[in-house]
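> Provided herewith: query-v9.pdb, PDB, C-alpha atoms.
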```pdb
ATOM      1  CA  MET A   1      68.948 104.049 177.611
ATOM      2  CA  LYS A   2      67.717 107.403 178.807
ATOM      3  CA  ASN A   3      64.410 108.933 177.874
ATOM      4  CA  LEU A   4      62.466 112.181 177.939
ATOM      5  CA  VAL A   5      59.068 110.649 178.688
ATOM      6  CA  LYS A   6      58.604 112.696 181.852
ATOM      7  CA  GLU A   7      59.542 115.949 180.095
ATOM      8  CA  GLU A   8      57.269 115.224 177.131
ATOM      9  CA  ARG A   9      54.428 114.241 179.448
ATOM     10  CA  GLN A  10      54.778 117.414 181.504
ATOM     11  CA  LYS A  11      54.843 119.559 178.348
ATOM     12  CA  ILE A  12      51.264 118.559 177.602
ATOM     13  CA  ASN A  13      50.186 118.573 181.279
ATOM     14  CA  MET A  14      49.488 114.879 181.351
ATOM     15  CA  THR A  15      49.627 112.814 184.544
ATOM     16  CA  GLN A  16      51.342 109.423 184.816
ATOM     17  CA  GLN A  17      47.931 107.825 185.214
ATOM     18  CA  GLU A  18      46.569 109.469 182.061
ATOM     19  CA  LEU A  19      49.591 108.375 180.063
ATOM     20  CA  ALA A  20      49.307 104.869 181.496
ATOM     21  CA  ASP A  21      45.622 104.649 180.567
ATOM     22  CA  LYS A  22      46.232 105.878 177.020
ATOM     23  CA  ILE A  23      48.917 103.310 176.235
ATOM     24  CA  GLY A  24      47.346 100.492 178.259
ATOM     25  CA  VAL A  25      49.876  99.964 181.054
ATOM     26  CA  SER A  26      49.925 100.528 184.813
ATOM     27  CA  ARG A  27      51.074 103.749 186.473
ATOM     28  CA  GLN A  28      54.001 101.997 188.133
ATOM     29  CA  SER A  29      55.203 101.021 184.654
ATOM     30  CA  ILE A  30      55.256 104.691 183.605
ATOM     31  CA  PHE A  31      57.103 105.537 186.814
ATOM     32  CA  ALA A  32      59.629 102.747 186.148
ATOM     33  CA  ILE A  33      60.171 103.953 182.555
ATOM     34  CA  GLU A  34      60.574 107.604 183.566
ATOM     35  CA  THR A  35      63.065 106.783 186.304
ATOM     36  CA  GLY A  36      65.072 104.496 184.014
ATOM     37  CA  LYS A  37      64.340 101.373 186.054
ATOM     38  CA  TYR A  38      62.703  99.713 183.091
ATOM     39  CA  VAL A  39      63.478  99.817 179.367
ATOM     40  CA  PRO A  40      60.159  99.394 177.527
ATOM     41  CA  SER A  41      59.584  97.112 174.542
ATOM     42  CA  ALA A  42      59.578  98.381 170.958
ATOM     43  CA  ILE A  43      55.765  98.267 170.960
ATOM     44  CA  LEU A  44      55.503 100.482 174.016
ATOM     45  CA  VAL A  45      58.203 102.829 172.747
ATOM     46  CA  LEU A  46      56.273 103.291 169.486
ATOM     47  CA  LYS A  47      53.014 103.855 171.356
ATOM     48  CA  ILE A  48      54.630 106.544 173.515
ATOM     49  CA  ALA A  49      56.236 108.254 170.528
ATOM     50  CA  GLN A  50      52.945 108.224 168.599
ATOM     51  CA  LEU A  51      51.085 109.659 171.558
ATOM     52  CA  PHE A  52      53.540 112.549 171.918
ATOM     53  CA  LYS A  53      53.660 112.949 168.106
ATOM     54  CA  ARG A  54      57.444 112.705 168.160
ATOM     55  CA  LYS A  55      60.056 110.441 166.600
ATOM     56  CA  VAL A  56      61.195 107.562 168.786
ATOM     57  CA  GLU A  57      64.805 108.838 168.812
ATOM     58  CA  ASP A  58      63.619 112.234 170.080
ATOM     59  CA  ILE A  59      62.295 110.585 173.227
ATOM     60  CA  PHE A  60      64.563 107.553 173.725
ATOM     61  CA  MET A  61      68.353 107.879 173.453
ATOM     62  CA  LEU A  62      71.095 105.308 173.679
ATOM     63  CA  GLU A  63      73.821 105.899 176.219
ATOM     64  CA  MET A  64      77.529 105.010 176.042
ATOM     65  CA  GLU A  65      77.059 101.752 177.991
ATOM     66  CA  ASP A  66      74.180 100.554 175.782
TER
ATOM     67  CA  MET B   1      52.801  90.053 175.782
ATOM     68  CA  LYS B   2      49.571  88.891 177.411
ATOM     69  CA  SER B   3      49.745  86.208 180.067
ATOM     70  CA  ASN B   4      46.473  84.409 179.440
ATOM     71  CA  TRP B   5      47.403  81.363 181.487
ATOM     72  CA  LEU B   6      47.189  83.200 184.801
ATOM     73  CA  LEU B   7      44.308  82.945 187.261
ATOM     74  CA  PRO B   8      41.973  85.900 187.966
ATOM     75  CA  ASN B   9      43.200  88.380 190.565
ATOM     76  CA  PHE B  10      40.823  87.309 193.363
ATOM     77  CA  PHE B  11      42.710  83.989 193.666
ATOM     78  CA  LYS B  12      45.559  85.944 195.238
ATOM     79  CA  LYS B  13      43.469  86.687 198.338
ATOM     80  CA  ILE B  14      42.299  83.073 198.560
ATOM     81  CA  GLY B  15      45.918  81.918 198.304
ATOM     82  CA  ALA B  16      47.070  84.430 200.917
ATOM     83  CA  VAL B  17      44.585  82.880 203.374
ATOM     84  CA  ILE B  18      44.825  79.154 202.669
ATOM     85  CA  ALA B  19      48.609  78.896 202.182
ATOM     86  CA  PRO B  20      49.711  80.133 205.641
ATOM     87  CA  LEU B  21      46.684  78.501 207.291
ATOM     88  CA  GLY B  22      47.493  75.171 205.617
ATOM     89  CA  LEU B  23      51.137  75.401 206.617
ATOM     90  CA  ILE B  24      50.348  76.232 210.270
ATOM     91  CA  VAL B  25      47.780  73.421 210.559
ATOM     92  CA  TRP B  26      50.170  70.979 208.866
ATOM     93  CA  ILE B  27      53.049  71.857 211.239
ATOM     94  CA  LEU B  28      50.765  71.664 214.302
ATOM     95  CA  GLY B  29      49.392  68.353 213.021
ATOM     96  CA  GLN B  30      52.890  66.983 212.510
ATOM     97  CA  ILE B  31      53.915  67.788 216.085
ATOM     98  CA  GLY B  32      50.745  66.159 217.414
ATOM     99  CA  PHE B  33      48.920  69.276 218.563
ATOM    100  CA  PHE B  34      45.524  67.970 217.429
ATOM    101  CA  ASP B  35      46.053  64.325 218.445
ATOM    102  CA  GLN B  36      43.987  64.508 221.645
ATOM    103  CA  TYR B  37      41.010  65.936 219.721
ATOM    104  CA  ILE B  38      40.983  63.865 216.560
ATOM    105  CA  ILE B  39      42.487  60.464 217.277
ATOM    106  CA  GLY B  40      39.796  58.113 218.506
ATOM    107  CA  GLU B  41      39.806  54.807 220.315
ATOM    108  CA  SER B  42      41.624  51.999 218.575
ATOM    109  CA  THR B  43      39.501  48.939 217.971
ATOM    110  CA  ALA B  44      39.933  45.881 215.838
ATOM    111  CA  MET B  45      37.484  47.296 213.307
ATOM    112  CA  ASN B  46      38.667  50.850 212.810
ATOM    113  CA  TYR B  47      41.793  52.837 212.004
ATOM    114  CA  PRO B  48      41.841  55.653 214.593
ATOM    115  CA  TYR B  49      44.436  57.728 212.785
ATOM    116  CA  TRP B  50      42.387  58.481 209.677
ATOM    117  CA  PRO B  51      41.196  61.936 210.914
ATOM    118  CA  LYS B  52      44.836  62.906 211.475
ATOM    119  CA  VAL B  53      45.876  61.604 208.070
ATOM    120  CA  ALA B  54      42.976  63.495 206.474
ATOM    121  CA  LEU B  55      43.860  66.696 208.363
ATOM    122  CA  LEU B  56      47.510  66.459 207.332
ATOM    123  CA  ALA B  57      46.604  65.752 203.709
ATOM    124  CA  ILE B  58      44.071  68.601 203.512
ATOM    125  CA  SER B  59      46.382  71.121 205.197
ATOM    126  CA  PHE B  60      49.354  70.035 203.057
ATOM    127  CA  PHE B  61      47.434  70.455 199.812
ATOM    128  CA  SER B  62      45.865  73.706 201.056
ATOM    129  CA  PHE B  63      49.365  75.083 201.464
ATOM    130  CA  PHE B  64      50.431  74.039 197.972
ATOM    131  CA  PHE B  65      47.229  75.218 196.301
ATOM    132  CA  GLY B  66      47.550  78.506 198.215
ATOM    133  CA  VAL B  67      51.088  78.941 196.943
ATOM    134  CA  TYR B  68      49.913  78.087 193.419
ATOM    135  CA  PHE B  69      47.131  80.675 193.667
ATOM    136  CA  MET B  70      49.546  83.348 194.849
ATOM    137  CA  VAL B  71      52.151  82.633 192.163
ATOM    138  CA  PHE B  72      50.036  82.107 189.062
ATOM    139  CA  VAL B  73      47.638  85.001 189.438
ATOM    140  CA  LYS B  74      47.076  88.110 187.366
ATOM    141  CA  GLU B  75      47.767  91.522 188.799
ATOM    142  CA  LYS B  76      44.960  94.077 188.557
ATOM    143  CA  LYS B  77      46.768  95.663 185.600
ATOM    144  CA  GLU B  78      48.874  93.183 183.677
ATOM    145  CA  ASP B  79      51.515  94.687 181.415
ATOM    146  CA  GLU B  80      55.036  94.025 180.178
ATOM    147  CA  PHE B  81      56.628  95.592 183.256
ATOM    148  CA  ILE B  82      54.777  93.119 185.485
ATOM    149  CA  ASP B  83      55.891  90.306 183.145
ATOM    150  CA  ARG B  84      59.492  91.422 183.492
ATOM    151  CA  LEU B  85      59.191  91.674 187.269
ATOM    152  CA  ARG B  86      57.720  88.175 187.306
ATOM    153  CA  LEU B  87      60.574  86.806 185.204
ATOM    154  CA  MET B  88      63.172  88.550 187.381
ATOM    155  CA  SER B  89      61.581  87.082 190.524
ATOM    156  CA  PHE B  90      61.623  83.591 188.961
ATOM    157  CA  GLN B  91      65.296  83.950 188.055
ATOM    158  CA  ARG B  92      66.299  85.187 191.485
ATOM    159  CA  GLY B  93      64.153  82.504 193.148
ATOM    160  CA  ALA B  94      65.911  79.807 191.101
ATOM    161  CA  PHE B  95      69.316  81.266 191.949
ATOM    162  CA  PHE B  96      68.480  81.486 195.659
ATOM    163  CA  GLN B  97      67.182  77.901 195.729
ATOM    164  CA  LEU B  98      70.286  76.568 193.979
ATOM    165  CA  PHE B  99      72.562  78.560 196.273
ATOM    166  CA  PHE B 100      70.751  77.268 199.362
ATOM    167  CA  MET B 101      70.828  73.691 198.031
ATOM    168  CA  ILE B 102      74.592  73.813 197.418
ATOM    169  CA  ILE B 103      75.275  75.293 200.867
ATOM    170  CA  ALA B 104      72.936  72.764 202.531
ATOM    171  CA  PHE B 105      74.535  69.744 200.839
ATOM    172  CA  ILE B 106      78.068  70.988 201.572
ATOM    173  CA  TRP B 107      77.023  71.474 205.205
ATOM    174  CA  MET B 108      75.560  67.938 205.305
ATOM    175  CA  ILE B 109      78.725  66.401 203.853
ATOM    176  CA  VAL B 110      81.247  68.408 205.896
ATOM    177  CA  PHE B 111      79.456  68.050 209.237
ATOM    178  CA  ASP B 112      77.972  64.613 208.489
ATOM    179  CA  LYS B 113      74.458  65.922 209.279
ATOM    180  CA  GLU B 114      72.116  64.297 206.805
ATOM    181  CA  PRO B 115      68.392  64.748 207.439
ATOM    182  CA  ALA B 116      67.463  61.599 209.306
ATOM    183  CA  GLY B 117      64.428  60.106 210.967
ATOM    184  CA  ASP B 118      60.971  59.565 209.595
ATOM    185  CA  GLY B 119      60.992  61.216 206.169
ATOM    186  CA  GLY B 120      63.788  63.644 207.065
ATOM    187  CA  LEU B 121      65.129  63.887 203.531
ATOM    188  CA  GLU B 122      61.587  64.066 202.163
ATOM    189  CA  VAL B 123      60.772  67.059 204.381
ATOM    190  CA  PHE B 124      64.072  68.678 203.421
ATOM    191  CA  LEU B 125      63.314  68.302 199.704
ATOM    192  CA  ILE B 126      59.751  69.646 200.141
ATOM    193  CA  PHE B 127      61.260  72.608 201.982
ATOM    194  CA  LEU B 128      63.747  73.087 199.152
ATOM    195  CA  ILE B 129      60.987  73.161 196.521
ATOM    196  CA  SER B 130      58.857  75.484 198.657
ATOM    197  CA  LEU B 131      61.825  77.790 199.175
ATOM    198  CA  PHE B 132      61.851  78.672 195.480
ATOM    199  CA  TRP B 133      58.155  79.505 195.391
ATOM    200  CA  LEU B 134      58.161  81.385 198.698
ATOM    201  CA  PHE B 135      61.172  83.416 197.590
ATOM    202  CA  TYR B 136      59.362  84.185 194.322
ATOM    203  CA  ILE B 137      56.173  85.325 196.117
ATOM    204  CA  VAL B 138      58.067  87.552 198.554
ATOM    205  CA  HIS B 139      60.403  89.006 195.900
ATOM    206  CA  PHE B 140      57.648  89.736 193.386
ATOM    207  CA  ASN B 141      55.227  91.299 195.857
ATOM    208  CA  VAL B 142      57.826  93.319 197.759
ATOM    209  CA  SER B 143      59.299  94.665 194.485
ATOM    210  CA  LEU B 144      55.825  95.595 193.259
ATOM    211  CA  TYR B 145      54.925  97.211 196.588
ATOM    212  CA  LEU B 146      58.127  99.289 196.615
ATOM    213  CA  ILE B 147      57.705 100.534 193.040
ATOM    214  CA  ARG B 148      54.044 101.424 193.730
ATOM    215  CA  LYS B 149      55.051 103.226 196.925
ATOM    216  CA  ARG B 150      57.716 105.254 195.112
ATOM    217  CA  ALA B 151      55.292 106.062 192.291
ATOM    218  CA  ASP B 152      52.691 107.203 194.840
ATOM    219  CA  GLU B 153      55.250 109.339 196.666
ATOM    220  CA  GLU B 154      56.182 111.081 193.433
ATOM    221  CA  PHE B 155      52.524 111.512 192.518
ATOM    222  CA  SER B 156      51.575 113.109 195.856
TER
END
```
Just give me the structure of the file as structure tokens.


Amino acid sequence: MKNLVKEERQKINMTQQELADKIGVSRQSIFAIETGKYVPSAILVLKIAQLFKRKVEDIFMLEMED
Amino acid sequence: MKSNWLLPNFFKKIGAVIAPLGLIVWILGQIGFFDQYIIGESTAMNYPYWPKVALLAISFFSFFFGVYFMVFVKEKKEDEFIDRLRLMSFQRGAFFQLFFMIIAFIWMIVFDKEPAGDGGLEVFLIFLISLFWLFYIVHFNVSLYLIRKRADEEFS
């Protein structure tokens, strides 16, 4: 699953640490999500989408192998 | 998911000190390094080996408690990514232990080299159990260190 978390975060000039603090995770978790090393849970996905005021499917997309 | 059953983070430092210290003292005690200092004169009334037995017992349990402290401890920021990393390290630790056990037993059977002597098999089995936990500690902490390092590099 790919995602546009980094792009959405940069659009509103937010750092990884700020995003991490707002959704209650560590900065390395944000890094792992942005680089595709970790697929977050539904709870975290919803939190991220709510924070960016976007639909989940606008930020997280399934890929062919998913 | 919140892991409420984990120890506070400061136990990690305690574990990192007492586990290696306990192991070193236990190994040195086993090879008789401390014998000249702690084994007293044998008389009909006393058991001169009790300080050595006590030292070995204390160091042995220090090692295991140290390992316990390092494994079952919270990170400074606990989240689902840490939980996943912990689970992955457990799985790989279990796989590595099983793989090592199979290879070791095949080696023993093929080359007829069973652990012998005073508690040879016992020591081998303790080593086998420890292998899982040590692999877990190394895998979890190295993975966490590498991801933090990469995150810091991107941040700077």

> For chain A, which residue out of B:Lys12, B:Lys113, B:Asp83, B:Ile39 is the nearest one, using only C-alpha atoms?

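Checking each of B:Lys12, B:Lys113, B:Asp83, B:Ile39 against chain A, counting only C-alpha atoms, the winner is B:Asp83.
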
> Compile the residues of chain B that lie within 9 Å of chain A, evaluated using all atoms listed in the file, and express the compilation as a ChimeraX atom specification.

/B:76-82,84,144,147-152,154-155

> Quick check, in Å to one decimal: how far apart do CA of Asp66 (chain A) and CA of Met1 (chain A) lie?

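Computed distance, CA of Asp66 (chain A) to CA of Met1 (chain A), equals 6.6 Å.
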
> Counting only C-alpha atoms, select every polymer residue within 10 Å of (48.4, 82.8, 186.6) as defined in the file's coordinates, and provide the selection as a PDB file with C-alpha atoms, in the coordinates of the input.


```pdb
ATOM      1  CA  SER B   3      49.745  86.208 180.067  1.00  0.00           C
ATOM      2  CA  ASN B   4      46.473  84.409 179.440  1.00  0.00           C
ATOM      3  CA  TRP B   5      47.403  81.363 181.487  1.00  0.00           C
ATOM      4  CA  LEU B   6      47.189  83.200 184.801  1.00  0.00           C
ATOM      5  CA  LEU B   7      44.308  82.945 187.261  1.00  0.00           C
ATOM      6  CA  PRO B   8      41.973  85.900 187.966  1.00  0.00           C
ATOM      7  CA  ASN B   9      43.200  88.380 190.565  1.00  0.00           C
ATOM      8  CA  PHE B  11      42.710  83.989 193.666  1.00  0.00           C
ATOM      9  CA  LYS B  12      45.559  85.944 195.238  1.00  0.00           C
ATOM     10  CA  TYR B  68      49.913  78.087 193.419  1.00  0.00           C
ATOM     11  CA  PHE B  69      47.131  80.675 193.667  1.00  0.00           C
ATOM     12  CA  MET B  70      49.546  83.348 194.849  1.00  0.00           C
ATOM     13  CA  VAL B  71      52.151  82.633 192.163  1.00  0.00           C
ATOM     14  CA  PHE B  72      50.036  82.107 189.062  1.00  0.00           C
ATOM     15  CA  VAL B  73      47.638  85.001 189.438  1.00  0.00           C
ATOM     16  CA  LYS B  74      47.076  88.110 187.366  1.00  0.00           C
ATOM     17  CA  GLU B  75      47.767  91.522 188.799  1.00  0.00           C
TER      18      GLU B  75
END
```

> What does the distance between CA of Gly119 (chain B) and CA of Phe132 (chain B) come to in Å, to one decimal place?

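These two atoms are separated by 20.5 Å.
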
> One number please: CA of Leu28 (chain B) to CA of Leu56 (chain B), in Å, one decimal.

9.3 Å

> List the neighbours of Phe64 (chain B) out to 9 Å using only C-alpha atoms; skip same-chain residues closer than 4 positions along the sequence, and give me the result as a ChimeraX atom specification.

/B:18-19,22-23,59-60,68-69,130

> Fewer than 2 positions away in the same chain doesn't count, so skip those; otherwise give me all residues within 12 Å of Glu7 (chain A), counting only C-alpha atoms, as a VMD selection string.

chain A and resid 2 to 5 9 to 16 34 to 35 52 58 to 60

> Convert the output of the PyMOL selection byres ((chain B and resi 35) around 12) on the shown file into explicit residues, formatted as an MDAnalysis selection string.

chainID B and resid 28:34 36:41 48:53 55:56

> Which polymer residues have any atom within 9 Å of an atom of His139 (chain B), counting only C-alpha atoms, with same-chain residues fewer than 5 positions away left out, as JSON, numbers by chain?

{"B": [88, 89, 90, 92, 93, 134, 144]}

> Can you tell me which residues surround Ile23 (chain A) at a distance of at most 9 Å, considering only C-alpha atoms, apart from same-chain residues fewer than 5 positions away, and format the answer as a list in words?

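Selected residues are Glu18, Leu44, Lys47, Ile48 and Leu51 of chain A.
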
> Any idea what's packed within 12 Å of Leu131 (chain B), counting all atoms listed in the file, ignoring anything in its chain fewer than 6 positions away? Could you give it as a PDB file with C-alpha atoms, in the coordinates of the input?


```pdb
ATOM      1  CA  VAL B  67      51.088  78.941 196.943  1.00  0.00           C
ATOM      2  CA  PHE B  90      61.623  83.591 188.961  1.00  0.00           C
ATOM      3  CA  ARG B  92      66.299  85.187 191.485  1.00  0.00           C
ATOM      4  CA  GLY B  93      64.153  82.504 193.148  1.00  0.00           C
ATOM      5  CA  ALA B  94      65.911  79.807 191.101  1.00  0.00           C
ATOM      6  CA  PHE B  95      69.316  81.266 191.949  1.00  0.00           C
ATOM      7  CA  PHE B  96      68.480  81.486 195.659  1.00  0.00           C
ATOM      8  CA  GLN B  97      67.182  77.901 195.729  1.00  0.00           C
ATOM      9  CA  LEU B  98      70.286  76.568 193.979  1.00  0.00           C
ATOM     10  CA  PHE B  99      72.562  78.560 196.273  1.00  0.00           C
ATOM     11  CA  PHE B 100      70.751  77.268 199.362  1.00  0.00           C
ATOM     12  CA  MET B 101      70.828  73.691 198.031  1.00  0.00           C
ATOM     13  CA  VAL B 123      60.772  67.059 204.381  1.00  0.00           C
ATOM     14  CA  PHE B 124      64.072  68.678 203.421  1.00  0.00           C
ATOM     15  CA  LEU B 125      63.314  68.302 199.704  1.00  0.00           C
ATOM     16  CA  ILE B 137      56.173  85.325 196.117  1.00  0.00           C
ATOM     17  CA  VAL B 138      58.067  87.552 198.554  1.00  0.00           C
ATOM     18  CA  HIS B 139      60.403  89.006 195.900  1.00  0.00           C
TER      19      HIS B 139
END
```
